[in-house]
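Down below is the structure, laid out as structure tokens.
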Amino acid sequence: MKKTFLLSLLAATVWPLAAQQRSDLIVELLKGDRPAIAIPDFRGSGDAQKHMAVFNDTLYNEIQGSGVFKVVSRSLLPRLNPQVPQDFKPAGRGSGDGYWMTDWSSPPVSANYLAFGYTGIQNNQLVLFGWLYNVQQTLASAQVIGKLYFGDVNDDGARKVAREFAADILKLMGMPGLAGTKIFFVSSRTGEKQIWMMDYDGSGQRQFAQYRDLCTMPSVSPDGSRIAFTTFTPNGPQILVHSTETGRRLPFLNPAASMNATLSFSPDGSKVIFASKVGGFAQLHLANPDGSGLQRLSNSRAIEVEPKINPKTGADVVLVSGRSGPPQIYKMSLDGADVTRLTPGEGQASNPSWHPDGKHIAFSWTRGYEPGNWNVFIMDVTTMDFVQLTHGRGRNENPSWAPDGRHIVFASNRNGTMQIYTMLADGTEVRQLTSAGRNEMPVWSR
């Protein structure tokens, strides 16, 4: 088998139709209206000021990119801003200079919240004094957060305290934030395609595992403790499983077949499902985490790959199948019954990824575009209503949901080479995370 077999199974064709738009799906995922927050630039005392540009950019980007708040434009902010609570004037309607609560709660700012504070250096540490005020309240009851944060006296320390402050702000809104999450992906920057990893914001990019053979199609267990990927050995594609904590390879029994690939974990980690060519076409098989106890689930005369077990229920699976012609997204129960086609048969569809709620998926689709182009869509698997998130900018594929259910990581060649990007579930706040080499097939992990 050629190494390119799996990579070309889902090559694009197209049907010239416009995509259906359902904004109610976006509202459901992003939870409606967002409160407004003002984030004026923080200042630092002494040598701390050297690192404030990094701090301010990080804090602003963390909050803006979260999709939880509407960040008030800096052009609308008052001329001055408080650094400590004592800077606020206790009463009056305000003069617009920034020292009255109404300067922030009234037009043109019209904020619900204000983040403010300053940094300094104490005992060779960078210290952030951070406050969050609900400016719609009275001054006496406005404080929501008042906390110290500590980091090294350098740009990395400034990023650290900014991220921790942002994470605390997001937690107050019921959102866990993305700090600590990882993105695994495939990169060719060192020559052969290998598995790499990075932090949620693109920092800390590093190779996870190194093999002589091509490695691709990573998948991470729901608890983030294990990663599975496919390596192209002389005997054909085979599955490898590693611990994400130690990097150590874990036992996995590949059945005797010319292809084993696209493994997915059950929510409790007790089962895995993957595609295998145990005679004939690639079909789906269920097994124990080490590959033992193999059980065939599908039995069609068509290629069936990319199974993903519902992370909420563990009872149903989405997959890619060619049983009706061009590859489409299907859903079935974990025992192989109740097979339903989710996409209507137009173009080609692939790369399904479950939302953490177990009710929605993201996927890539060629519906309505010229040959070679894929775009990212989301769908309610019950109603089959869908929304298009990317629009006609090259190939946009392999979407994967963040643990917060509000962000998606995906691969795109919109700027010439395939790179990793993130965006909100409404298609906004697109950010490029990689630039070195060719990078693809991202998966977001806890």
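Please note that chains go A, B, ... in the order of the structure tokens, that every chain numbers its residues from 1, and that ligands are numbered from 1 in the order shown.
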
Let's see if you can do this: from backbone DSSP, list all helix (DSSP H, G or I) residues in range 120-358 of chain A, as a ChimeraX atom specification.
/A:139-141,155-172

Could the residues in this selection be saved with N, CA, C and O atoms as a PDB file, in the first residue's frame?
```pdb
ATOM      1  N   LEU A 139     -19.912  51.485  43.888  1.00  0.00           N
ATOM      2  CA  LEU A 139     -18.495  51.314  44.158  1.00  0.00           C
ATOM      3  C   LEU A 139     -18.262  50.352  45.318  1.00  0.00           C
ATOM      4  O   LEU A 139     -17.333  49.537  45.282  1.00  0.00           O
ATOM      5  N   ALA A 140     -19.124  50.409  46.326  1.00  0.00           N
ATOM      6  CA  ALA A 140     -18.935  49.565  47.507  1.00  0.00           C
ATOM      7  C   ALA A 140     -19.079  48.079  47.197  1.00  0.00           C
ATOM      8  O   ALA A 140     -18.484  47.238  47.878  1.00  0.00           O
ATOM      9  N   SER A 141     -19.861  47.750  46.192  1.00  0.00           N
ATOM     10  CA  SER A 141     -20.127  46.333  45.898  1.00  0.00           C
ATOM     11  C   SER A 141     -19.585  45.905  44.533  1.00  0.00           C
ATOM     12  O   SER A 141     -19.929  44.832  44.041  1.00  0.00           O
ATOM     13  N   ASP A 155       9.450  38.457  29.875  1.00  0.00           N
ATOM     14  CA  ASP A 155       8.225  38.432  29.074  1.00  0.00           C
ATOM     15  C   ASP A 155       7.390  37.186  29.338  1.00  0.00           C
ATOM     16  O   ASP A 155       6.157  37.231  29.335  1.00  0.00           O
ATOM     17  N   ASP A 156       8.057  36.046  29.564  1.00  0.00           N
ATOM     18  CA  ASP A 156       7.304  34.820  29.866  1.00  0.00           C
ATOM     19  C   ASP A 156       6.530  34.968  31.171  1.00  0.00           C
ATOM     20  O   ASP A 156       5.392  34.496  31.289  1.00  0.00           O
ATOM     21  N   GLY A 157       7.146  35.617  32.161  1.00  0.00           N
ATOM     22  CA  GLY A 157       6.442  35.849  33.416  1.00  0.00           C
ATOM     23  C   GLY A 157       5.260  36.780  33.232  1.00  0.00           C
ATOM     24  O   GLY A 157       4.205  36.603  33.864  1.00  0.00           O
ATOM     25  N   ALA A 158       5.410  37.784  32.362  1.00  0.00           N
ATOM     26  CA  ALA A 158       4.307  38.695  32.075  1.00  0.00           C
ATOM     27  C   ALA A 158       3.159  37.964  31.394  1.00  0.00           C
ATOM     28  O   ALA A 158       1.978  38.192  31.716  1.00  0.00           O
ATOM     29  N   ARG A 159       3.482  37.056  30.463  1.00  0.00           N
ATOM     30  CA  ARG A 159       2.433  36.256  29.824  1.00  0.00           C
ATOM     31  C   ARG A 159       1.738  35.376  30.850  1.00  0.00           C
ATOM     32  O   ARG A 159       0.508  35.217  30.818  1.00  0.00           O
ATOM     33  N   LYS A 160       2.507  34.790  31.741  1.00  0.00           N
ATOM     34  CA  LYS A 160       1.940  33.883  32.735  1.00  0.00           C
ATOM     35  C   LYS A 160       0.904  34.584  33.613  1.00  0.00           C
ATOM     36  O   LYS A 160      -0.210  34.086  33.799  1.00  0.00           O
ATOM     37  N   VAL A 161       1.254  35.739  34.171  1.00  0.00           N
ATOM     38  CA  VAL A 161       0.319  36.397  35.078  1.00  0.00           C
ATOM     39  C   VAL A 161      -0.891  36.935  34.314  1.00  0.00           C
ATOM     40  O   VAL A 161      -2.014  36.948  34.844  1.00  0.00           O
ATOM     41  N   ALA A 162      -0.683  37.359  33.067  1.00  0.00           N
ATOM     42  CA  ALA A 162      -1.810  37.821  32.255  1.00  0.00           C
ATOM     43  C   ALA A 162      -2.783  36.676  31.987  1.00  0.00           C
ATOM     44  O   ALA A 162      -4.008  36.849  32.072  1.00  0.00           O
ATOM     45  N   ARG A 163      -2.245  35.505  31.660  1.00  0.00           N
ATOM     46  CA  ARG A 163      -3.104  34.346  31.394  1.00  0.00           C
ATOM     47  C   ARG A 163      -3.847  33.910  32.646  1.00  0.00           C
ATOM     48  O   ARG A 163      -5.023  33.538  32.584  1.00  0.00           O
ATOM     49  N   GLU A 164      -3.187  33.946  33.793  1.00  0.00           N
ATOM     50  CA  GLU A 164      -3.843  33.527  35.031  1.00  0.00           C
ATOM     51  C   GLU A 164      -4.954  34.501  35.420  1.00  0.00           C
ATOM     52  O   GLU A 164      -6.025  34.083  35.870  1.00  0.00           O
ATOM     53  N   PHE A 165      -4.719  35.783  35.246  1.00  0.00           N
ATOM     54  CA  PHE A 165      -5.751  36.781  35.519  1.00  0.00           C
ATOM     55  C   PHE A 165      -6.930  36.587  34.562  1.00  0.00           C
ATOM     56  O   PHE A 165      -8.094  36.589  34.976  1.00  0.00           O
ATOM     57  N   ALA A 166      -6.630  36.383  33.275  1.00  0.00           N
ATOM     58  CA  ALA A 166      -7.690  36.148  32.291  1.00  0.00           C
ATOM     59  C   ALA A 166      -8.485  34.894  32.624  1.00  0.00           C
ATOM     60  O   ALA A 166      -9.717  34.874  32.513  1.00  0.00           O
ATOM     61  N   ALA A 167      -7.787  33.837  33.045  1.00  0.00           N
ATOM     62  CA  ALA A 167      -8.478  32.589  33.387  1.00  0.00           C
ATOM     63  C   ALA A 167      -9.440  32.787  34.551  1.00  0.00           C
ATOM     64  O   ALA A 167     -10.554  32.244  34.561  1.00  0.00           O
ATOM     65  N   ASP A 168      -9.043  33.579  35.550  1.00  0.00           N
ATOM     66  CA  ASP A 168      -9.930  33.853  36.677  1.00  0.00           C
ATOM     67  C   ASP A 168     -11.158  34.652  36.233  1.00  0.00           C
ATOM     68  O   ASP A 168     -12.274  34.427  36.712  1.00  0.00           O
ATOM     69  N   ILE A 169     -10.962  35.587  35.324  1.00  0.00           N
ATOM     70  CA  ILE A 169     -12.092  36.361  34.803  1.00  0.00           C
ATOM     71  C   ILE A 169     -13.070  35.456  34.061  1.00  0.00           C
ATOM     72  O   ILE A 169     -14.294  35.533  34.247  1.00  0.00           O
ATOM     73  N   LEU A 170     -12.550  34.559  33.244  1.00  0.00           N
ATOM     74  CA  LEU A 170     -13.406  33.670  32.474  1.00  0.00           C
ATOM     75  C   LEU A 170     -14.146  32.678  33.367  1.00  0.00           C
ATOM     76  O   LEU A 170     -15.301  32.330  33.104  1.00  0.00           O
ATOM     77  N   LYS A 171     -13.498  32.222  34.426  1.00  0.00           N
ATOM     78  CA  LYS A 171     -14.148  31.295  35.355  1.00  0.00           C
ATOM     79  C   LYS A 171     -15.387  31.915  35.980  1.00  0.00           C
ATOM     80  O   LYS A 171     -16.380  31.224  36.243  1.00  0.00           O
ATOM     81  N   LEU A 172     -15.344  33.207  36.228  1.00  0.00           N
ATOM     82  CA  LEU A 172     -16.503  33.885  36.810  1.00  0.00           C
ATOM     83  C   LEU A 172     -17.713  33.832  35.889  1.00  0.00           C
ATOM     84  O   LEU A 172     -18.854  33.919  36.342  1.00  0.00           O
TER      85      LEU A 172
END
```

Just want the 9 Å neighbourhood of range 298-302 of chain A, counted on only C-alpha atoms, with same-chain residues fewer than 2 positions away dropped. Output as a PDB file with all heavy atoms, in the first residue's frame.
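After the write, out.pdb holds the following:
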```pdb
ATOM      1  N   GLY A 280     -10.982  -7.138   2.425  1.00  0.00           N
ATOM      2  CA  GLY A 280     -11.913  -6.264   1.732  1.00  0.00           C
ATOM      3  C   GLY A 280     -11.698  -4.792   2.041  1.00  0.00           C
ATOM      4  O   GLY A 280     -10.586  -4.322   2.232  1.00  0.00           O
ATOM      5  N   PHE A 281     -12.818  -4.065   2.118  1.00  0.00           N
ATOM      6  CA  PHE A 281     -12.761  -2.622   2.340  1.00  0.00           C
ATOM      7  C   PHE A 281     -12.403  -2.296   3.790  1.00  0.00           C
ATOM      8  O   PHE A 281     -12.576  -3.117   4.683  1.00  0.00           O
ATOM      9  CB  PHE A 281     -14.119  -1.995   2.008  1.00  0.00           C
ATOM     10  CG  PHE A 281     -14.494  -2.058   0.564  1.00  0.00           C
ATOM     11  CD1 PHE A 281     -15.303  -3.084   0.083  1.00  0.00           C
ATOM     12  CD2 PHE A 281     -14.036  -1.105  -0.324  1.00  0.00           C
ATOM     13  CE1 PHE A 281     -15.651  -3.147  -1.253  1.00  0.00           C
ATOM     14  CE2 PHE A 281     -14.376  -1.153  -1.664  1.00  0.00           C
ATOM     15  CZ  PHE A 281     -15.190  -2.180  -2.134  1.00  0.00           C
ATOM     16  N   ALA A 282     -11.931  -1.065   3.990  1.00  0.00           N
ATOM     17  CA  ALA A 282     -11.706  -0.585   5.351  1.00  0.00           C
ATOM     18  C   ALA A 282     -13.049  -0.481   6.064  1.00  0.00           C
ATOM     19  O   ALA A 282     -13.960   0.197   5.588  1.00  0.00           O
ATOM     20  CB  ALA A 282     -11.020   0.776   5.322  1.00  0.00           C
ATOM     21  N   GLN A 283     -13.160  -1.169   7.208  1.00  0.00           N
ATOM     22  CA  GLN A 283     -14.398  -1.194   7.985  1.00  0.00           C
ATOM     23  C   GLN A 283     -14.092  -0.849   9.440  1.00  0.00           C
ATOM     24  O   GLN A 283     -12.930  -0.876   9.875  1.00  0.00           O
ATOM     25  CB  GLN A 283     -15.064  -2.569   7.909  1.00  0.00           C
ATOM     26  CG  GLN A 283     -15.489  -2.969   6.505  1.00  0.00           C
ATOM     27  CD  GLN A 283     -16.680  -2.152   5.999  1.00  0.00           C
ATOM     28  OE1 GLN A 283     -17.793  -2.277   6.491  1.00  0.00           O
ATOM     29  NE2 GLN A 283     -16.419  -1.287   5.012  1.00  0.00           N
ATOM     30  N   LEU A 284     -15.141  -0.551  10.204  1.00  0.00           N
ATOM     31  CA  LEU A 284     -14.952  -0.131  11.583  1.00  0.00           C
ATOM     32  C   LEU A 284     -14.945  -1.322  12.523  1.00  0.00           C
ATOM     33  O   LEU A 284     -15.735  -2.262  12.372  1.00  0.00           O
ATOM     34  CB  LEU A 284     -16.055   0.840  11.995  1.00  0.00           C
ATOM     35  CG  LEU A 284     -16.197   2.092  11.123  1.00  0.00           C
ATOM     36  CD1 LEU A 284     -17.193   3.049  11.761  1.00  0.00           C
ATOM     37  CD2 LEU A 284     -14.858   2.764  10.896  1.00  0.00           C
ATOM     38  N   HIS A 285     -14.038  -1.252  13.522  1.00  0.00           N
ATOM     39  CA  HIS A 285     -13.899  -2.321  14.506  1.00  0.00           C
ATOM     40  C   HIS A 285     -13.816  -1.726  15.905  1.00  0.00           C
ATOM     41  O   HIS A 285     -13.193  -0.676  16.109  1.00  0.00           O
ATOM     42  CB  HIS A 285     -12.640  -3.154  14.226  1.00  0.00           C
ATOM     43  CG  HIS A 285     -12.704  -3.927  12.933  1.00  0.00           C
ATOM     44  ND1 HIS A 285     -12.572  -3.319  11.705  1.00  0.00           N
ATOM     45  CD2 HIS A 285     -12.880  -5.253  12.692  1.00  0.00           C
ATOM     46  CE1 HIS A 285     -12.663  -4.246  10.752  1.00  0.00           C
ATOM     47  NE2 HIS A 285     -12.849  -5.422  11.331  1.00  0.00           N
ATOM     48  N   ARG A 296     -16.014  -6.581  14.844  1.00  0.00           N
ATOM     49  CA  ARG A 296     -16.344  -5.804  13.648  1.00  0.00           C
ATOM     50  C   ARG A 296     -17.702  -5.134  13.824  1.00  0.00           C
ATOM     51  O   ARG A 296     -18.668  -5.760  14.259  1.00  0.00           O
ATOM     52  CB  ARG A 296     -16.346  -6.701  12.416  1.00  0.00           C
ATOM     53  CG  ARG A 296     -16.614  -5.962  11.119  1.00  0.00           C
ATOM     54  CD  ARG A 296     -16.261  -6.809   9.921  1.00  0.00           C
ATOM     55  NE  ARG A 296     -16.585  -6.129   8.667  1.00  0.00           N
ATOM     56  CZ  ARG A 296     -16.144  -6.521   7.474  1.00  0.00           C
ATOM     57  NH1 ARG A 296     -15.345  -7.581   7.382  1.00  0.00           N
ATOM     58  NH2 ARG A 296     -16.484  -5.872   6.383  1.00  0.00           N
ATOM     59  N   GLU A 304     -14.975   2.864   5.034  1.00  0.00           N
ATOM     60  CA  GLU A 304     -15.548   3.520   6.204  1.00  0.00           C
ATOM     61  C   GLU A 304     -14.414   3.803   7.186  1.00  0.00           C
ATOM     62  O   GLU A 304     -13.746   2.873   7.670  1.00  0.00           O
ATOM     63  CB  GLU A 304     -16.640   2.667   6.839  1.00  0.00           C
ATOM     64  CG  GLU A 304     -17.760   2.406   5.838  1.00  0.00           C
ATOM     65  CD  GLU A 304     -19.055   1.949   6.451  1.00  0.00           C
ATOM     66  OE1 GLU A 304     -19.004   1.143   7.407  1.00  0.00           O
ATOM     67  OE2 GLU A 304     -20.112   2.378   5.965  1.00  0.00           O
ATOM     68  N   SER A 321     -18.207   7.544   5.407  1.00  0.00           N
ATOM     69  CA  SER A 321     -18.485   6.331   4.635  1.00  0.00           C
ATOM     70  C   SER A 321     -18.776   6.684   3.189  1.00  0.00           C
ATOM     71  O   SER A 321     -19.363   7.734   2.896  1.00  0.00           O
ATOM     72  CB  SER A 321     -19.696   5.584   5.218  1.00  0.00           C
ATOM     73  OG  SER A 321     -20.045   4.475   4.395  1.00  0.00           O
ATOM     74  N   GLY A 322     -18.368   5.790   2.284  1.00  0.00           N
ATOM     75  CA  GLY A 322     -18.670   5.928   0.868  1.00  0.00           C
ATOM     76  C   GLY A 322     -19.767   4.996   0.426  1.00  0.00           C
ATOM     77  O   GLY A 322     -19.909   4.746  -0.774  1.00  0.00           O
ATOM     78  N   ARG A 323     -20.599   4.513   1.363  1.00  0.00           N
ATOM     79  CA  ARG A 323     -21.614   3.513   1.025  1.00  0.00           C
ATOM     80  C   ARG A 323     -22.689   4.056   0.079  1.00  0.00           C
ATOM     81  O   ARG A 323     -23.380   3.272  -0.592  1.00  0.00           O
ATOM     82  CB  ARG A 323     -22.258   2.940   2.279  1.00  0.00           C
ATOM     83  CG  ARG A 323     -22.997   3.941   3.129  1.00  0.00           C
ATOM     84  CD  ARG A 323     -23.706   3.244   4.298  1.00  0.00           C
ATOM     85  NE  ARG A 323     -22.771   2.621   5.239  1.00  0.00           N
ATOM     86  CZ  ARG A 323     -23.137   1.742   6.159  1.00  0.00           C
ATOM     87  NH1 ARG A 323     -24.412   1.380   6.259  1.00  0.00           N
ATOM     88  NH2 ARG A 323     -22.250   1.233   6.978  1.00  0.00           N
ATOM     89  N   SER A 324     -22.858   5.392   0.015  1.00  0.00           N
ATOM     90  CA  SER A 324     -23.872   5.954  -0.892  1.00  0.00           C
ATOM     91  C   SER A 324     -23.235   6.671  -2.074  1.00  0.00           C
ATOM     92  O   SER A 324     -23.929   7.348  -2.832  1.00  0.00           O
ATOM     93  CB  SER A 324     -24.767   6.931  -0.125  1.00  0.00           C
ATOM     94  OG  SER A 324     -23.998   8.007   0.398  1.00  0.00           O
ATOM     95  N   GLY A 325     -21.926   6.533  -2.238  1.00  0.00           N
ATOM     96  CA  GLY A 325     -21.227   7.207  -3.324  1.00  0.00           C
ATOM     97  C   GLY A 325     -20.044   7.991  -2.795  1.00  0.00           C
ATOM     98  O   GLY A 325     -19.165   7.413  -2.130  1.00  0.00           O
ATOM     99  N   ASP A 335     -23.030  -0.328  18.544  1.00  0.00           N
ATOM    100  CA  ASP A 335     -23.069  -1.737  18.139  1.00  0.00           C
ATOM    101  C   ASP A 335     -23.206  -1.897  16.634  1.00  0.00           C
ATOM    102  O   ASP A 335     -23.371  -3.008  16.126  1.00  0.00           O
ATOM    103  CB  ASP A 335     -24.216  -2.468  18.845  1.00  0.00           C
ATOM    104  CG  ASP A 335     -25.591  -1.883  18.512  1.00  0.00           C
ATOM    105  OD1 ASP A 335     -25.665  -0.953  17.673  1.00  0.00           O
ATOM    106  OD2 ASP A 335     -26.586  -2.344  19.103  1.00  0.00           O
ATOM    107  N   GLY A 336     -23.135  -0.793  15.877  1.00  0.00           N
ATOM    108  CA  GLY A 336     -23.193  -0.856  14.428  1.00  0.00           C
ATOM    109  C   GLY A 336     -24.578  -0.722  13.840  1.00  0.00           C
ATOM    110  O   GLY A 336     -24.735  -0.718  12.611  1.00  0.00           O
ATOM    111  N   ALA A 337     -25.600  -0.580  14.672  1.00  0.00           N
ATOM    112  CA  ALA A 337     -26.981  -0.478  14.193  1.00  0.00           C
ATOM    113  C   ALA A 337     -27.387   0.981  14.005  1.00  0.00           C
ATOM    114  O   ALA A 337     -26.633   1.903  14.325  1.00  0.00           O
ATOM    115  CB  ALA A 337     -27.923  -1.166  15.176  1.00  0.00           C
TER     116      ALA A 337
END
```

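Ranking A:Asn398, A:Trp374, A:Leu29, A:Gln388 by their shortest atom-to-atom distance to Pro356 in chain A, with only C-alpha atoms included, puts A:Leu29 first.
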
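For the choices A:Phe88, A:Tyr60, A:Tyr149, A:Trp401, the atom-to-atom distance to Thr181 in chain A is smallest for A:Trp401 when using only C-alpha atoms.
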
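Counting only C-alpha atoms, the residue from A:Ile309, A:Leu25, A:Tyr99, A:Asp213 that sits nearest to Ile378 in chain A is A:Leu25.
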
Per residue of range 138-195 of chain A within 6 Å of range 124-134 of chain A, what are the shortest atom pair and its distance in Å to one decimal, counting only C-alpha atoms, with rows by chain and residue number, as JSON lines?
```
{"residue": "A:Ala142", "atom": "CA", "partner": "A:Asn134", "partner_atom": "CA", "distance": 4.9}
{"residue": "A:Gln143", "atom": "CA", "partner": "A:Tyr133", "partner_atom": "CA", "distance": 4.5}
{"residue": "A:Val144", "atom": "CA", "partner": "A:Tyr133", "partner_atom": "CA", "distance": 5.4}
{"residue": "A:Ile145", "atom": "CA", "partner": "A:Leu132", "partner_atom": "CA", "distance": 4.8}
{"residue": "A:Gly146", "atom": "CA", "partner": "A:Trp131", "partner_atom": "CA", "distance": 4.5}
{"residue": "A:Lys147", "atom": "CA", "partner": "A:Gly130", "partner_atom": "CA", "distance": 5.5}
{"residue": "A:Leu148", "atom": "CA", "partner": "A:Phe129", "partner_atom": "CA", "distance": 4.9}
{"residue": "A:Tyr149", "atom": "CA", "partner": "A:Leu128", "partner_atom": "CA", "distance": 5.0}
{"residue": "A:Phe150", "atom": "CA", "partner": "A:Val127", "partner_atom": "CA", "distance": 4.8}
{"residue": "A:Gly151", "atom": "CA", "partner": "A:Leu126", "partner_atom": "CA", "distance": 5.1}
{"residue": "A:Asp152", "atom": "CA", "partner": "A:Gln125", "partner_atom": "CA", "distance": 5.3}
{"residue": "A:Val153", "atom": "CA", "partner": "A:Leu126", "partner_atom": "CA", "distance": 5.0}
```

How would the residues just chosen look if you wrote them out with C-alpha atoms as a compact mmCIF listing (two decimals), in the first residue's frame?
```txt
# COMPACT_ATOMS: atom_id res chain seq x y z
CA ALA A 142 -18.30 46.47 42.56
CA GLN A 143 -15.25 44.30 43.28
CA VAL A 144 -15.45 40.84 41.77
CA ILE A 145 -11.74 39.95 41.75
CA GLY A 146 -8.89 41.41 43.79
CA LYS A 147 -5.85 39.15 43.66
CA LEU A 148 -2.06 38.93 43.39
CA TYR A 149 -0.35 36.94 40.62
CA PHE A 150 3.35 36.03 40.51
CA GLY A 151 5.74 35.33 37.64
CA ASP A 152 9.37 35.63 36.58
CA VAL A 153 10.71 39.06 35.73
```

Can you list, as a PyMOL selection string, every protein, DNA or RNA residue that comes within 9 Å of Gly358 in chain A when you count only C-alpha atoms, leaving out same-chain residues fewer than 2 positions away?
chain A and resi 310-314+354-356+360-361+381

Within 12 Å of range 203-208 of chain A: each range 378-435 of chain A residue with its shortest pair, only C-alpha atoms, as a Markdown table:
```
| residue | atom | partner | partner_atom | distance |
| --- | --- | --- | --- | --- |
| A:Ile420 | CA | A:Gln205 | CA | 11.8 |
| A:Gln432 | CA | A:Ser203 | CA | 11.4 |
| A:Leu433 | CA | A:Ser203 | CA | 8.0 |
| A:Thr434 | CA | A:Gln205 | CA | 8.5 |
| A:Ser435 | CA | A:Gln205 | CA | 10.8 |
```

Limited to all heavy atoms, could you put the picked residues into a file as a JSON list (two decimals), in the first residue's frame?
```json
[["chain", "number", "residue", "atom", "x", "y", "z"],
["A", 420, "ILE", "N", -1.94, 25.62, 10.90],
["A", 420, "ILE", "CA", -2.96, 25.41, 11.93],
["A", 420, "ILE", "C", -3.53, 26.76, 12.35],
["A", 420, "ILE", "O", -2.78, 27.71, 12.62],
["A", 420, "ILE", "CB", -2.37, 24.69, 13.16],
["A", 420, "ILE", "CG1", -1.65, 23.40, 12.72],
["A", 420, "ILE", "CG2", -3.47, 24.38, 14.17],
["A", 420, "ILE", "CD1", -2.52, 22.38, 12.05],
["A", 432, "GLN", "N", -3.77, 32.37, 13.28],
["A", 432, "GLN", "CA", -2.81, 31.39, 12.78],
["A", 432, "GLN", "C", -1.82, 31.05, 13.89],
["A", 432, "GLN", "O", -1.24, 31.93, 14.51],
["A", 432, "GLN", "CB", -2.08, 31.95, 11.57],
["A", 432, "GLN", "CG", -1.10, 30.96, 10.94],
["A", 432, "GLN", "CD", -0.50, 31.49, 9.64],
["A", 432, "GLN", "OE1", -1.03, 32.40, 9.03],
["A", 432, "GLN", "NE2", 0.61, 30.88, 9.23],
["A", 433, "LEU", "N", -1.64, 29.75, 14.13],
["A", 433, "LEU", "CA", -0.76, 29.30, 15.21],
["A", 433, "LEU", "C", 0.60, 28.81, 14.74],
["A", 433, "LEU", "O", 1.56, 28.85, 15.50],
["A", 433, "LEU", "CB", -1.44, 28.18, 16.01],
["A", 433, "LEU", "CG", -2.80, 28.48, 16.65],
["A", 433, "LEU", "CD1", -3.21, 27.33, 17.54],
["A", 433, "LEU", "CD2", -2.77, 29.78, 17.44],
["A", 434, "THR", "N", 0.69, 28.28, 13.52],
["A", 434, "THR", "CA", 1.95, 27.72, 13.02],
["A", 434, "THR", "C", 2.39, 28.44, 11.75],
["A", 434, "THR", "O", 1.58, 29.05, 11.05],
["A", 434, "THR", "CB", 1.82, 26.21, 12.73],
["A", 434, "THR", "OG1", 0.83, 26.03, 11.70],
["A", 434, "THR", "CG2", 1.42, 25.44, 13.96],
["A", 435, "SER", "N", 3.67, 28.32, 11.44],
["A", 435, "SER", "CA", 4.18, 28.92, 10.20],
["A", 435, "SER", "C", 5.35, 28.12, 9.62],
["A", 435, "SER", "O", 5.63, 28.25, 8.41],
["A", 435, "SER", "CB", 4.62, 30.36, 10.44],
["A", 435, "SER", "OG", 5.61, 30.44, 11.46]]
```

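Using only C-alpha atoms, the nearest neighbour of Phe386 in chain A within the list A:Val443, A:Val72, A:Val241, A:Ile26 is A:Ile26.
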
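With CA of Ser258 in chain A on one side and CA of Phe185 in chain A on the other, the separation reads 24.3 Å.
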
Looking only at the backbone, which of the residues in range 324-378 of chain A does DSSP tag as strand (DSSP E), as a ChimeraX atom specification?
/A:328-333,340-341,349-354,360-365,375-378

Same residues, C-alpha atoms, output as a compact mmCIF listing (two decimals), in the first residue's frame:
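Result went into selection07.txt, see below:
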```txt
# COMPACT_ATOMS: atom_id res chain seq x y z
CA GLN A 328 -20.40 11.50 3.54
CA ILE A 329 -20.86 11.83 7.31
CA TYR A 330 -22.96 9.09 8.93
CA LYS A 331 -24.06 8.30 12.47
CA MET A 332 -24.63 4.88 14.00
CA SER A 333 -24.95 3.27 17.43
CA THR A 340 -28.15 7.34 9.43
CA ARG A 341 -26.58 9.65 6.86
CA ALA A 349 -17.72 15.39 3.60
CA SER A 350 -15.07 14.22 6.07
CA ASN A 351 -13.25 14.88 9.37
CA PRO A 352 -16.20 14.78 11.82
CA SER A 353 -15.47 16.02 15.36
CA TRP A 354 -17.93 15.86 18.27
CA HIS A 360 -23.16 18.94 17.52
CA ILE A 361 -20.29 18.10 15.21
CA ALA A 362 -17.80 20.10 13.18
CA PHE A 363 -16.69 18.65 9.84
CA SER A 364 -15.16 19.60 6.49
CA TRP A 365 -17.19 19.60 3.28
CA ASN A 375 -14.72 24.38 4.20
CA VAL A 376 -15.54 23.88 7.88
CA PHE A 377 -19.17 23.44 8.91
CA ILE A 378 -20.99 22.66 12.15
```

Residue nearest Gly293 in chain A - candidates A:Leu253, A:Leu334, A:Leu30, A:Ile239, atoms counted: only C-alpha atoms:
A:Leu253
